[in-house]
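Structure file query32.pdb (PDB, C-alpha atoms (C1' of nucleotides)) is printed below.
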```pdb
MODEL        1
ATOM      1  CA  MET A   1    -109.360  63.129 -13.973
ATOM      2  CA  PRO A   2    -105.845  63.172 -12.544
ATOM      3  CA  PHE A   3    -105.485  63.067  -8.786
ATOM      4  CA  THR A   4    -102.495  63.519  -6.546
ATOM      5  CA  LEU A   5    -101.868  61.383  -3.515
ATOM      6  CA  ALA A   6     -99.344  61.743  -0.717
ATOM      7  CA  THR A   7     -98.199  59.561   2.191
ATOM      8  CA  TRP A   8     -96.529  60.941   5.315
ATOM      9  CA  ASN A   9     -95.554  59.490   8.677
ATOM     10  CA  ILE A  10     -96.536  62.473  10.815
ATOM     11  CA  ASN A  11     -95.313  61.241  14.241
ATOM     12  CA  SER A  12     -98.287  62.684  16.173
ATOM     13  CA  VAL A  13    -101.049  64.366  14.171
ATOM     14  CA  ARG A  14    -102.077  66.422  17.187
ATOM     15  CA  LEU A  15     -98.625  67.875  17.823
ATOM     16  CA  ARG A  16     -98.129  68.531  14.103
ATOM     17  CA  ALA A  17    -101.611  69.536  12.920
ATOM     18  CA  ALA A  18    -100.184  72.871  11.757
ATOM     19  CA  LEU A  19     -97.585  71.066   9.632
ATOM     20  CA  VAL A  20    -100.308  68.942   8.058
ATOM     21  CA  SER A  21    -102.276  72.092   7.234
ATOM     22  CA  ARG A  22     -99.157  73.717   5.784
ATOM     23  CA  LEU A  23     -98.543  70.734   3.498
ATOM     24  CA  LEU A  24    -102.191  70.675   2.413
ATOM     25  CA  ALA A  25    -102.176  74.422   1.745
ATOM     26  CA  GLU A  26     -98.868  74.467  -0.158
ATOM     27  CA  GLU A  27     -99.107  71.223  -2.136
ATOM     28  CA  ALA A  28    -102.859  70.545  -2.280
ATOM     29  CA  PRO A  29    -102.816  66.782  -2.815
ATOM     30  CA  ASP A  30    -106.297  65.353  -3.357
ATOM     31  CA  VAL A  31    -105.581  62.646  -0.789
ATOM     32  CA  LEU A  32    -103.124  62.583   2.129
ATOM     33  CA  CYS A  33    -102.429  59.335   3.980
ATOM     34  CA  LEU A  34    -100.933  59.739   7.457
ATOM     35  CA  GLN A  35     -99.256  57.190   9.715
ATOM     36  CA  GLU A  36     -98.252  57.324  13.390
ATOM     37  CA  CYS A  37    -101.099  59.686  14.225
ATOM     38  CA  LYS A  38    -100.741  58.561  17.871
ATOM     39  CA  SER A  39    -104.314  59.595  18.580
ATOM     40  CA  PRO A  40    -107.783  58.179  19.003
ATOM     41  CA  VAL A  41    -109.825  59.043  15.896
ATOM     42  CA  ASP A  42    -112.173  61.410  17.759
ATOM     43  CA  MET A  43    -109.187  63.397  19.063
ATOM     44  CA  ILE A  44    -107.709  64.127  15.596
ATOM     45  CA  PRO A  45    -107.886  67.926  15.061
ATOM     46  CA  THR A  46    -109.819  67.938  11.773
ATOM     47  CA  GLU A  47    -111.120  71.539  11.849
ATOM     48  CA  GLY A  48    -108.115  73.050  10.062
ATOM     49  CA  PHE A  49    -108.152  70.285   7.458
ATOM     50  CA  HIS A  50    -111.870  70.873   6.830
ATOM     51  CA  ALA A  51    -111.217  74.579   6.317
ATOM     52  CA  LEU A  52    -108.733  73.731   3.550
ATOM     53  CA  GLY A  53    -111.285  71.578   1.734
ATOM     54  CA  TYR A  54    -110.339  68.210   3.232
ATOM     55  CA  THR A  55    -113.824  67.408   4.432
ATOM     56  CA  HIS A  56    -113.508  63.621   4.270
ATOM     57  CA  MET A  57    -111.524  61.365   6.596
ATOM     58  CA  VAL A  58    -111.305  57.633   7.146
ATOM     59  CA  ALA A  59    -109.115  56.685  10.097
ATOM     60  CA  ARG A  60    -108.251  54.120  12.739
ATOM     61  CA  GLY A  61    -106.597  55.163  15.954
ATOM     62  CA  GLN A  62    -105.487  54.232  19.429
ATOM     63  CA  LYS A  63    -104.093  56.149  22.373
ATOM     64  CA  GLY A  64    -100.408  57.011  22.165
ATOM     65  CA  TYR A  65     -99.233  54.640  19.447
ATOM     66  CA  ASN A  66     -99.731  53.844  15.771
ATOM     67  CA  GLY A  67    -102.837  55.217  14.068
ATOM     68  CA  VAL A  68    -103.547  55.783  10.349
ATOM     69  CA  ALA A  69    -105.742  58.347   8.609
ATOM     70  CA  ILE A  70    -106.784  59.171   5.044
ATOM     71  CA  LEU A  71    -107.668  62.854   4.495
ATOM     72  CA  SER A  72    -109.361  63.718   1.214
ATOM     73  CA  LYS A  73    -110.935  66.488  -0.815
ATOM     74  CA  LEU A  74    -112.854  63.735  -2.623
ATOM     75  CA  PRO A  75    -115.518  61.591  -0.959
ATOM     76  CA  LEU A  76    -114.252  58.411   0.684
ATOM     77  CA  GLU A  77    -116.078  55.160   1.251
ATOM     78  CA  ASP A  78    -114.660  53.361   4.294
ATOM     79  CA  THR A  79    -113.718  49.864   3.129
ATOM     80  CA  GLY A  80    -112.392  48.669   6.459
ATOM     81  CA  GLU A  81    -109.188  47.620   8.150
ATOM     82  CA  THR A  82    -107.227  44.400   8.485
ATOM     83  CA  ASP A  83    -105.346  43.507  11.655
ATOM     84  CA  PHE A  84    -102.332  41.973   9.940
ATOM     85  CA  ALA A  85    -100.534  39.541  12.277
ATOM     86  CA  GLY A  86    -103.320  40.005  14.851
ATOM     87  CA  LEU A  87    -101.418  42.593  16.867
ATOM     88  CA  GLY A  88    -104.517  44.599  17.774
ATOM     89  CA  HIS A  89    -102.793  47.764  16.540
ATOM     90  CA  ALA A  90    -104.268  50.553  14.377
ATOM     91  CA  ARG A  91    -101.906  50.004  11.453
ATOM     92  CA  HIS A  92    -104.170  49.705   8.389
ATOM     93  CA  VAL A  93    -107.238  51.351   6.950
ATOM     94  CA  SER A  94    -108.680  51.431   3.456
ATOM     95  CA  ALA A  95    -111.083  53.617   1.524
ATOM     96  CA  ARG A  96    -112.519  53.895  -1.982
ATOM     97  CA  LEU A  97    -112.590  57.055  -4.091
ATOM     98  CA  PRO A  98    -115.495  57.977  -6.412
ATOM     99  CA  ASN A  99    -113.407  56.826  -9.413
ATOM    100  CA  GLY A 100    -113.371  53.315  -7.953
ATOM    101  CA  VAL A 101    -109.750  53.384  -6.819
ATOM    102  CA  THR A 102    -109.190  51.741  -3.434
ATOM    103  CA  ILE A 103    -106.460  53.140  -1.193
ATOM    104  CA  HIS A 104    -104.733  51.027   1.460
ATOM    105  CA  ASN A 105    -102.861  53.008   4.113
ATOM    106  CA  CYS A 106    -100.375  50.847   6.051
ATOM    107  CA  TYR A 107     -97.981  51.309   8.955
ATOM    108  CA  VAL A 108     -95.717  48.252   9.140
ATOM    109  CA  PRO A 109     -94.189  47.561  12.600
ATOM    110  CA  ALA A 110     -90.693  49.012  12.967
ATOM    111  CA  GLY A 111     -89.405  45.719  14.351
ATOM    112  CA  GLY A 112     -87.139  46.705  17.231
ATOM    113  CA  ASP A 113     -83.351  46.804  17.167
ATOM    114  CA  ILE A 114     -82.205  43.166  16.945
ATOM    115  CA  PRO A 115     -82.882  41.467  13.571
ATOM    116  CA  ASP A 116     -83.560  38.023  15.046
ATOM    117  CA  ARG A 117     -87.041  36.802  15.906
ATOM    118  CA  ASP A 118     -85.693  34.439  18.581
ATOM    119  CA  GLN A 119     -84.151  37.334  20.509
ATOM    120  CA  ASN A 120     -86.661  40.036  19.615
ATOM    121  CA  VAL A 121     -90.424  39.472  19.532
ATOM    122  CA  LYS A 122     -90.983  42.715  17.618
ATOM    123  CA  PHE A 123     -88.848  41.545  14.709
ATOM    124  CA  GLY A 124     -90.930  38.395  14.410
ATOM    125  CA  GLN A 125     -94.107  40.482  14.481
ATOM    126  CA  LYS A 126     -92.777  42.622  11.645
ATOM    127  CA  LEU A 127     -92.062  39.574   9.489
ATOM    128  CA  ASP A 128     -95.443  38.048  10.394
ATOM    129  CA  TYR A 129     -97.199  41.300   9.502
ATOM    130  CA  LEU A 130     -95.637  41.208   6.020
ATOM    131  CA  THR A 131     -96.436  37.513   5.562
ATOM    132  CA  HIS A 132    -100.075  38.109   6.470
ATOM    133  CA  LEU A 133    -100.220  41.141   4.167
ATOM    134  CA  ARG A 134     -98.718  39.027   1.378
ATOM    135  CA  ASP A 135    -101.263  36.230   1.840
ATOM    136  CA  HIS A 136    -104.186  38.640   2.233
ATOM    137  CA  PHE A 137    -103.558  40.417  -1.060
ATOM    138  CA  HIS A 138    -102.622  37.187  -2.843
ATOM    139  CA  GLU A 139    -106.121  35.894  -2.031
ATOM    140  CA  GLN A 140    -107.906  39.191  -2.598
ATOM    141  CA  ARG A 141    -106.172  39.921  -5.936
ATOM    142  CA  PRO A 142    -106.684  43.669  -5.731
ATOM    143  CA  ALA A 143    -107.470  45.760  -8.817
ATOM    144  CA  ARG A 144    -107.535  49.533  -9.304
ATOM    145  CA  SER A 145    -105.802  49.825  -5.956
ATOM    146  CA  ILE A 146    -103.027  51.877  -4.390
ATOM    147  CA  LEU A 147    -101.099  50.828  -1.275
ATOM    148  CA  VAL A 148     -99.101  53.480   0.543
ATOM    149  CA  GLY A 149     -97.491  53.964   3.879
ATOM    150  CA  ASP A 150     -94.537  53.686   6.187
ATOM    151  CA  LEU A 151     -93.491  50.130   5.356
ATOM    152  CA  ASN A 152     -90.384  50.499   7.555
ATOM    153  CA  ILE A 153     -88.158  48.729   5.004
ATOM    154  CA  ALA A 154     -85.753  50.251   2.475
ATOM    155  CA  PRO A 155     -85.596  47.476  -0.131
ATOM    156  CA  ARG A 156     -82.957  48.625  -2.623
ATOM    157  CA  GLU A 157     -79.263  49.334  -2.278
ATOM    158  CA  ASP A 158     -79.937  52.894  -3.422
ATOM    159  CA  ASP A 159     -82.738  53.259  -0.869
ATOM    160  CA  VAL A 160     -80.158  53.638   1.934
ATOM    161  CA  TRP A 161     -77.127  55.821   2.491
ATOM    162  CA  ASP A 162     -74.777  52.819   2.894
ATOM    163  CA  HIS A 163     -75.980  49.406   1.781
ATOM    164  CA  LYS A 164     -73.141  47.395   3.340
ATOM    165  CA  ALA A 165     -73.281  49.259   6.640
ATOM    166  CA  LEU A 166     -77.025  48.607   6.965
ATOM    167  CA  LEU A 167     -77.203  44.916   6.020
ATOM    168  CA  LYS A 168     -77.554  43.961   9.701
ATOM    169  CA  ILE A 169     -79.640  46.991  10.643
ATOM    170  CA  VAL A 170     -83.392  46.519  11.006
ATOM    171  CA  SER A 171     -85.128  48.067   7.958
ATOM    172  CA  HIS A 172     -82.556  46.830   5.428
ATOM    173  CA  THR A 173     -81.763  43.198   6.360
ATOM    174  CA  PRO A 174     -82.094  40.654   3.535
ATOM    175  CA  ILE A 175     -84.917  38.761   5.284
ATOM    176  CA  GLU A 176     -86.980  41.944   5.594
ATOM    177  CA  VAL A 177     -86.315  42.918   1.992
ATOM    178  CA  ASP A 178     -87.336  39.402   0.888
ATOM    179  CA  HIS A 179     -90.572  39.620   2.893
ATOM    180  CA  LEU A 180     -91.394  43.041   1.453
ATOM    181  CA  ASN A 181     -90.663  41.987  -2.137
ATOM    182  CA  GLU A 182     -92.730  38.816  -1.722
ATOM    183  CA  ALA A 183     -95.643  40.826  -0.368
ATOM    184  CA  ARG A 184     -95.411  43.271  -3.255
ATOM    185  CA  GLU A 185     -95.233  40.565  -5.919
ATOM    186  CA  ALA A 186     -97.985  38.393  -4.394
ATOM    187  CA  GLY A 187    -100.466  41.256  -4.579
ATOM    188  CA  GLY A 188     -99.425  42.277  -8.070
ATOM    189  CA  TRP A 189     -98.189  45.628  -6.736
ATOM    190  CA  VAL A 190     -95.826  47.899  -8.648
ATOM    191  CA  ASP A 191     -93.437  50.239  -6.802
ATOM    192  CA  VAL A 192     -94.656  53.466  -8.427
ATOM    193  CA  THR A 193     -91.983  55.658  -6.842
ATOM    194  CA  ARG A 194     -89.198  53.565  -8.334
ATOM    195  CA  ALA A 195     -91.065  53.080 -11.640
ATOM    196  CA  ASN A 196     -91.029  56.875 -11.948
ATOM    197  CA  LEU A 197     -87.593  57.459 -10.410
ATOM    198  CA  PRO A 198     -85.542  54.356 -11.269
ATOM    199  CA  GLU A 199     -82.113  55.944 -10.892
ATOM    200  CA  GLY A 200     -80.285  57.356  -7.929
ATOM    201  CA  ARG A 201     -80.585  57.408  -4.183
ATOM    202  CA  LEU A 202     -83.998  58.157  -2.673
ATOM    203  CA  TYR A 203     -84.673  58.669   1.035
ATOM    204  CA  SER A 204     -87.871  59.525   2.907
ATOM    205  CA  TRP A 205     -86.606  59.256   6.504
ATOM    206  CA  TRP A 206     -83.681  60.734   8.416
ATOM    207  CA  SER A 207     -83.201  59.870  12.103
ATOM    208  CA  TYR A 208     -83.818  62.500  14.768
ATOM    209  CA  ARG A 209     -80.590  61.274  16.352
ATOM    210  CA  SER A 210     -78.448  62.637  13.546
ATOM    211  CA  PRO A 211     -77.386  66.135  14.690
ATOM    212  CA  ASP A 212     -77.100  67.474  11.146
ATOM    213  CA  TRP A 213     -79.449  65.254   9.160
ATOM    214  CA  ASN A 214     -79.274  67.317   5.973
ATOM    215  CA  ALA A 215     -75.493  67.426   5.659
ATOM    216  CA  ALA A 216     -74.924  63.892   6.975
ATOM    217  CA  ASP A 217     -77.747  62.638   4.716
ATOM    218  CA  LYS A 218     -77.855  59.183   6.298
ATOM    219  CA  GLY A 219     -81.350  58.509   5.003
ATOM    220  CA  ARG A 220     -83.509  55.531   4.135
ATOM    221  CA  ARG A 221     -86.543  55.142   1.829
ATOM    222  CA  LEU A 222     -89.062  53.670   4.266
ATOM    223  CA  ASP A 223     -92.228  55.233   2.793
ATOM    224  CA  HIS A 224     -93.748  53.778  -0.331
ATOM    225  CA  VAL A 225     -96.393  54.207  -3.014
ATOM    226  CA  TRP A 226     -97.489  51.014  -4.743
ATOM    227  CA  ALA A 227    -100.267  50.458  -7.290
ATOM    228  CA  THR A 228    -101.788  47.420  -8.938
ATOM    229  CA  ALA A 229    -100.518  46.748 -12.465
ATOM    230  CA  ASP A 230    -103.809  47.810 -14.109
ATOM    231  CA  ILE A 231    -103.318  51.423 -12.954
ATOM    232  CA  ALA A 232     -99.586  51.631 -12.201
ATOM    233  CA  ASN A 233     -98.854  53.070 -15.651
ATOM    234  CA  ALA A 234    -101.190  55.966 -14.853
ATOM    235  CA  GLY A 235     -98.851  56.975 -12.028
ATOM    236  CA  HIS A 236     -96.348  59.714 -12.725
ATOM    237  CA  SER A 237     -94.501  62.685 -11.252
ATOM    238  CA  SER A 238     -93.436  60.816  -8.119
ATOM    239  CA  ARG A 239     -91.490  62.972  -5.693
ATOM    240  CA  ILE A 240     -90.262  63.105  -2.115
ATOM    241  CA  LEU A 241     -90.557  66.501  -0.423
ATOM    242  CA  ARG A 242     -87.222  66.524   1.380
ATOM    243  CA  ASP A 243     -87.637  70.177   2.391
ATOM    244  CA  VAL A 244     -90.498  69.195   4.712
ATOM    245  CA  ARG A 245     -87.986  67.302   6.873
ATOM    246  CA  GLY A 246     -86.383  70.694   7.488
ATOM    247  CA  TRP A 247     -89.529  72.461   8.725
ATOM    248  CA  ASP A 248     -89.712  73.566  12.380
ATOM    249  CA  GLN A 249     -90.317  70.669  14.800
ATOM    250  CA  PRO A 250     -90.577  68.256  11.878
ATOM    251  CA  SER A 251     -91.572  64.662  11.560
ATOM    252  CA  ASP A 252     -88.538  62.448  10.942
ATOM    253  CA  HIS A 253     -90.232  61.407   7.663
ATOM    254  CA  ALA A 254     -90.721  63.416   4.472
ATOM    255  CA  PRO A 255     -93.953  63.064   2.478
ATOM    256  CA  VAL A 256     -93.949  61.003  -0.721
ATOM    257  CA  PHE A 257     -96.182  62.142  -3.605
ATOM    258  CA  ALA A 258     -97.491  60.624  -6.832
ATOM    259  CA  THR A 259    -100.063  61.725  -9.406
ATOM    260  CA  PHE A 260    -102.371  59.303 -11.215
ATOM    261  CA  ASP A 261    -104.154  60.068 -14.510
ATOM    262  CA  LEU A 262    -107.329  58.020 -14.066
TER     263      LEU A 262
ATOM    264  C1'  DA B 263     -70.036  48.780  20.686
ATOM    265  C1'  DT B 264     -72.360  52.862  22.052
ATOM    266  C1'  DG B 265     -75.185  56.841  22.015
ATOM    267  C1'  DG B 266     -77.348  60.049  19.820
ATOM    268  C1'  DT B 267     -83.408  62.528  19.576
ATOM    269  C1'  DA B 268     -88.442  62.578  19.834
ATOM    270  C1'  DG B 269     -93.642  61.601  21.484
ATOM    271  C1'  DC B 270     -96.615  60.140  24.988
ATOM    272  C1'  DG B 271     -97.480  60.627  29.589
ATOM    273  C1'  DG B 272     -95.794  61.414  33.556
ATOM    274  C1'  DA B 273     -91.843  55.886  34.162
ATOM    275  C1'  DG B 274     -90.681  53.496  30.553
ATOM    276  C1'  DC B 275     -91.943  52.012  26.108
ATOM    277  C1'  DT B 276     -91.670  52.778  21.142
ATOM    278  C1'  DA B 277     -89.537  54.480  17.190
TER     279       DA B 277
ENDMDL
END
```

Can the structure in the file be given as structure tokens, please?
Amino acid sequence: MPFTLATWNINSVRLRAALVSRLLAEEAPDVLCLQECKSPVDMIPTEGFHALGYTHMVARGQKGYNGVAILSKLPLEDTGETDFAGLGHARHVSARLPNGVTIHNCYVPAGGDIPDRDQNVKFGQKLDYLTHLRDHFHEQRPARSILVGDLNIAPREDDVWDHKALLKIVSHTPIEVDHLNEAREAGGWVDVTRANLPEGRLYSWWSYRSPDWNAADKGRRLDHVWATADIANAGHSSRILRDVRGWDQPSDHAPVFATFDL
DNA sequence: ATGGTAGCGGAGCTA
């Protein structure tokens, strides 16, 4: 049975519940992973999602910041969260589908503005988060698993609008890219988006601060879909819904989709 | 080098 999965940094699920419902109604993914819900779990407005057939949710939340949720038409078994780097933030949750596929939904710390852990505690926390994630999945050796989320790093030269201009900008510095690639390889993860779309520039985020984001197109691919090697070949039809970034009062991220024949 | 926008919560932090 094929299933379609999407990941989207929603930047407040309460403010943008109507946008979530619109995406669910128009695109009908089986599973939608959200990041930056910025809400305690019991305050997430689930009624509209239920009405569209998304009757299952596994989430972790906190007041005002962070927060991750998995909405699903298929039953979900809550398989817990890991507090990578011990930050005490709601940045990870996982759940298992009836077909045995485990989904990890991650929100990696943005890391502040200065790419130096001696001058900027947040940058160190970002690197530590990725190191812990790397070690965790190296030990766990995941199988039949998918990891999605806002990983807050654009790893490839064609994942940013200007590689040279962004080499010292947090999200594209070599040390971050190294940490992300090490984490991916240690867990045996395959970048499904790039396996499906190996050529050309791909962005999933455009800053709110750009007055004309669409024309300027100074984007970065911060949102990712990974899968373990045993199921990565089942992934196909990856796509980024750029139009969603142009909806009224949008998130600054566009949703990333993939379909798996499993 | 700076400032540009947005959400939360009601000032300043985070992104």

Interface rows for chain A against chain B: nearest pair, Å to one decimal, 9 Å, all atoms listed in the file, as a tab-separated table:
```
residue	atom	partner	partner_atom	distance
A:Asn11	CA	B:DG269	C1'	7.4
A:Ser12	CA	B:DG269	C1'	7.1
A:Leu15	CA	B:DG269	C1'	8.8
A:Lys38	CA	B:DC270	C1'	8.4
A:Lys63	CA	B:DC270	C1'	8.9
A:Gly64	CA	B:DC270	C1'	5.7
A:Tyr65	CA	B:DT276	C1'	8.0
A:Ala110	CA	B:DA277	C1'	7.0
A:Gly112	CA	B:DA277	C1'	8.1
A:Ser207	CA	B:DT267	C1'	7.9
A:Tyr208	CA	B:DT267	C1'	4.8
A:Arg209	CA	B:DT267	C1'	4.5
A:Ser210	CA	B:DG266	C1'	6.9
A:Pro211	CA	B:DG266	C1'	8.0
A:Asp252	CA	B:DA268	C1'	8.9
```

Expected residue set, 12 Å radius at (-97.1, 38.3, 8.0), all atoms listed in the file, as a list in words: Thr82, Asp83, Phe84, Ala85, Gly86, Leu87, Val108, Pro109, Phe123, Gly124, Gln125, Lys126, Leu127, Asp128, Tyr129, Leu130, Thr131, His132, Leu133, Arg134, Asp135, His136, Phe137, Glu176, His179, Leu180, Glu182 and Ala183 of chain A

Test item: the PyMOL selection byres ((chain A and resi 225) around 9) resolved as a PyMOL selection string: chain A and resi 6-7+146-149+190-194+223-224+226-227+238+256-258

Export of prior selection with C-alpha atoms as a PDB file, in the frame of the given file:
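Result written to result-v4.pdb:
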```
ATOM      1  CA  ALA A   6     -99.344  61.743  -0.717  1.00  0.00           C
ATOM      2  CA  THR A   7     -98.199  59.561   2.191  1.00  0.00           C
ATOM      3  CA  ILE A 146    -103.027  51.877  -4.390  1.00  0.00           C
ATOM      4  CA  LEU A 147    -101.099  50.828  -1.275  1.00  0.00           C
ATOM      5  CA  VAL A 148     -99.101  53.480   0.543  1.00  0.00           C
ATOM      6  CA  GLY A 149     -97.491  53.964   3.879  1.00  0.00           C
ATOM      7  CA  VAL A 190     -95.826  47.899  -8.648  1.00  0.00           C
ATOM      8  CA  ASP A 191     -93.437  50.239  -6.802  1.00  0.00           C
ATOM      9  CA  VAL A 192     -94.656  53.466  -8.427  1.00  0.00           C
ATOM     10  CA  THR A 193     -91.983  55.658  -6.842  1.00  0.00           C
ATOM     11  CA  ARG A 194     -89.198  53.565  -8.334  1.00  0.00           C
ATOM     12  CA  ASP A 223     -92.228  55.233   2.793  1.00  0.00           C
ATOM     13  CA  HIS A 224     -93.748  53.778  -0.331  1.00  0.00           C
ATOM     14  CA  TRP A 226     -97.489  51.014  -4.743  1.00  0.00           C
ATOM     15  CA  ALA A 227    -100.267  50.458  -7.290  1.00  0.00           C
ATOM     16  CA  SER A 238     -93.436  60.816  -8.119  1.00  0.00           C
ATOM     17  CA  VAL A 256     -93.949  61.003  -0.721  1.00  0.00           C
ATOM     18  CA  PHE A 257     -96.182  62.142  -3.605  1.00  0.00           C
ATOM     19  CA  ALA A 258     -97.491  60.624  -6.832  1.00  0.00           C
TER      20      ALA A 258
END
```

The PyMOL selection byres ((chain A and resi 250) around 12) resolved against shown file, as a PyMOL selection string: (chain A and resi 8-13+15-20+22-23+205-208+213+242-249+251-255) or (chain B and resi 267-268)

Please enclose the listed atoms of segment 267-276 of chain B in an axis-aligned box, pad each side by 4 Å, and write out the centre and the three edge lengths in Å, rounded to one decimal, as lines of an AutoDock Vina configuration file.
```
center_x = -90.4
center_y = 57.3
center_z = 26.9
size_x = 22.1
size_y = 18.6
size_z = 22.6
```

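Counting from atom CA of Gly100 of chain A, the distance to atom CA of Phe260 of chain A is 12.9 Å.
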
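The coordinates place atom CA of Ser39 of chain A at 6.5 Å from atom CA of Gly67 of chain A.
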
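The space separating atom CA of Ser72 of chain A from atom CA of Pro2 of chain A comes to 14.2 Å.
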
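The shell of residues at most 7 Å from segment 200-204 of chain A, with all atoms listed in the file counted and near chain neighbours (fewer than 6 positions) removed, consists of Asp158, Asp159, Val160, Gly219, Arg220, Arg221, Leu222, Asp223, Ile240, His253 and Ala254 of chain A.
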
Given the PyMOL selection byres ((chain A and resi 169) around 12), the residues it picks as a list of chain:residue names: A:Ala110, A:Gly111, A:Gly112, A:Asp113, A:Ile114, A:Pro115, A:Asp116, A:Phe123, A:Asn152, A:Ile153, A:Ala154, A:Val160, A:Asp162, A:His163, A:Lys164, A:Ala165, A:Leu166, A:Leu167, A:Lys168, A:Val170, A:Ser171, A:His172, A:Thr173, A:Pro174, A:Ile175, A:Glu176, A:Val177, A:Arg220

Residue completion, segment 147-162 of chain A, N, CA and C atoms, as a short mmCIF file (atom, residue, chain, number, x, y, z; two decimals), in the frame of the given file:
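Result file is part.cif:
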```
data_model
loop_
_atom_site.label_atom_id
_atom_site.label_comp_id
_atom_site.auth_asym_id
_atom_site.auth_seq_id
_atom_site.Cartn_x
_atom_site.Cartn_y
_atom_site.Cartn_z
N LEU A 147 -101.52 51.11 -2.65
CA LEU A 147 -101.10 50.83 -1.27
C LEU A 147 -99.96 51.77 -0.94
N VAL A 148 -100.14 52.55 0.12
CA VAL A 148 -99.10 53.48 0.54
C VAL A 148 -98.81 53.28 2.02
N GLY A 149 -97.73 53.90 2.46
CA GLY A 149 -97.49 53.96 3.88
C GLY A 149 -96.04 53.87 4.27
N ASP A 150 -95.84 53.91 5.60
CA ASP A 150 -94.54 53.69 6.19
C ASP A 150 -94.37 52.18 6.31
N LEU A 151 -93.66 51.58 5.36
CA LEU A 151 -93.49 50.13 5.36
C LEU A 151 -92.25 49.74 6.15
N ASN A 152 -91.51 50.71 6.64
CA ASN A 152 -90.38 50.50 7.56
C ASN A 152 -89.31 49.58 7.00
N ILE A 153 -89.22 49.48 5.67
CA ILE A 153 -88.16 48.73 5.00
C ILE A 153 -87.70 49.54 3.80
N ALA A 154 -86.37 49.64 3.65
CA ALA A 154 -85.75 50.25 2.48
C ALA A 154 -85.22 49.11 1.61
N PRO A 155 -85.91 48.74 0.53
CA PRO A 155 -85.60 47.48 -0.13
C PRO A 155 -84.35 47.50 -1.03
N ARG A 156 -84.02 48.63 -1.62
CA ARG A 156 -82.96 48.62 -2.62
C ARG A 156 -81.66 49.18 -2.06
N GLU A 157 -80.57 48.82 -2.72
CA GLU A 157 -79.26 49.33 -2.28
C GLU A 157 -79.24 50.86 -2.32
N ASP A 158 -79.92 51.43 -3.31
CA ASP A 158 -79.94 52.89 -3.42
C ASP A 158 -81.12 53.53 -2.67
N ASP A 159 -81.73 52.73 -1.79
CA ASP A 159 -82.74 53.26 -0.87
C ASP A 159 -82.15 53.56 0.51
N VAL A 160 -80.84 53.36 0.66
CA VAL A 160 -80.16 53.64 1.93
C VAL A 160 -78.84 54.35 1.65
N TRP A 161 -78.34 55.02 2.67
CA TRP A 161 -77.13 55.82 2.49
C TRP A 161 -75.89 54.95 2.37
N ASP A 162 -75.92 53.73 2.98
CA ASP A 162 -74.78 52.82 2.89
C ASP A 162 -75.29 51.38 2.98
#
```
